[in-house]
Amino acid sequence: MAEQPGRAPAPGPVPVERLGFEMPPVFATAAEERAHRKERLAGVLRLLGRLGYEDGVGGHVTVRDPEFEDCYWVNPFGRPFGALGPQDLLLVDGEGRVRQGERRVNQLAFGVHAAVHRARPAVAAVVRTQAPYGRALAALGELLAPITQEACAFYEDHALLDEYAAAEDSGRIADALGPYKALILRNHGLLTVGGSVEAAAWWFIAAERAAQVQLIARAAGKPVLIGHHGAVATRERFGSDLAAWASCQPLLEAAGSGGVNIMNG
């Protein structure tokens, strides 16, 4: 189509190499990485609080320290998620002893996280907190069904511990998780892991939302499943920790500016 007289030519395409695209940061020292992990952990806790995934003193997020073996940063007992900053976090060893910090840790709940971290050395973060739809699905003893593109991220990559497990059963919980990104604890709720605290948090949020859609769809009728090949292909596209890390960035940015609303049914 010829250019009309008096009109400027349409802009040409911007070279791909000039387009911005965030990637996970790389650190020169363990101290820099520790500071970043603590800052992101505090941000994730505030985000989860804004989303309503908090119930009294329940709920914990842990991230592995990049330098100190078998030590993890975690939110303190009895403090609301929304009030926490990096300076409030505790460094706790695998035996539940506080190495840095001024408050107590919920040792029983922390023991579950420590068991998962020990069983999965590549896992940086573990999320286990309270959210309504994940708990409802757990009460039914069901896995997430591949009925949406988002749910396919968990296709054949999550497990169900199909028996009631208390916090004392940390080893059994870690075994049930196996190599997967998420675990449904029957009569409890969701547990997710990731190679970064952002990835673990996104998998928790995504699993909670997938559970919500599944329960709504079941209430309305019989959900239609995505076939095996389609579900696997979708998982391969959207189910990586890098995809989860990227998906979590806008939520963290919005939470930092006060722009995240609490989900409702």
# chains A, B, ... in the order shown; residues from 1 in each chain; ligands from 1

$ closest_atom_pairs --of "range 42-155 of chain A" --to "range 186-209 of chain A" --cutoff "7 Å" --atoms "only C-alpha atoms" --output "CSV"
residue,atom,partner,partner_atom,distance
A:Val44,CA,A:Ala201,CA,6.7
A:Val63,CA,A:Val197,CA,6.3
A:Ala122,CA,A:Gly195,CA,6.6
A:Val123,CA,A:Gly195,CA,5.0
A:Ala124,CA,A:Gly195,CA,4.8
A:Ala125,CA,A:Val197,CA,4.9
A:Val126,CA,A:Val193,CA,4.5
A:Val127,CA,A:Thr192,CA,5.3
A:Arg128,CA,A:Leu191,CA,4.6
A:Gln130,CA,A:Gly189,CA,6.9
A:Ala131,CA,A:Glu208,CA,6.9
A:Tyr133,CA,A:Glu208,CA,5.9
A:Gly134,CA,A:Gly189,CA,5.1
A:Arg135,CA,A:Gly189,CA,4.1
A:Ala138,CA,A:Arg186,CA,4.5
A:Ala139,CA,A:Asn187,CA,4.4
A:Gly141,CA,A:Arg186,CA,5.4

$ closest_atom_pairs --of "range 59-96 of chain A" --to "range 28-33 of chain A" --cutoff "9 Å" --atoms "only C-alpha atoms" --output "Markdown table"
| residue | atom | partner | partner_atom | distance |
| --- | --- | --- | --- | --- |
| A:Asp65 | CA | A:Ala30 | CA | 8.6 |
| A:Pro66 | CA | A:Ala30 | CA | 5.9 |
| A:Glu67 | CA | A:Ala30 | CA | 6.0 |

$ atom_distance --atom1 "CA of Leu252 in chain A" --atom2 "CA of Ser170 in chain A"
29.6 Å

$ closest_residue --among "A:Arg99, A:Arg172, A:Arg40, A:His158" --to "Val112 in chain A" --atoms "only C-alpha atoms"
A:Arg172
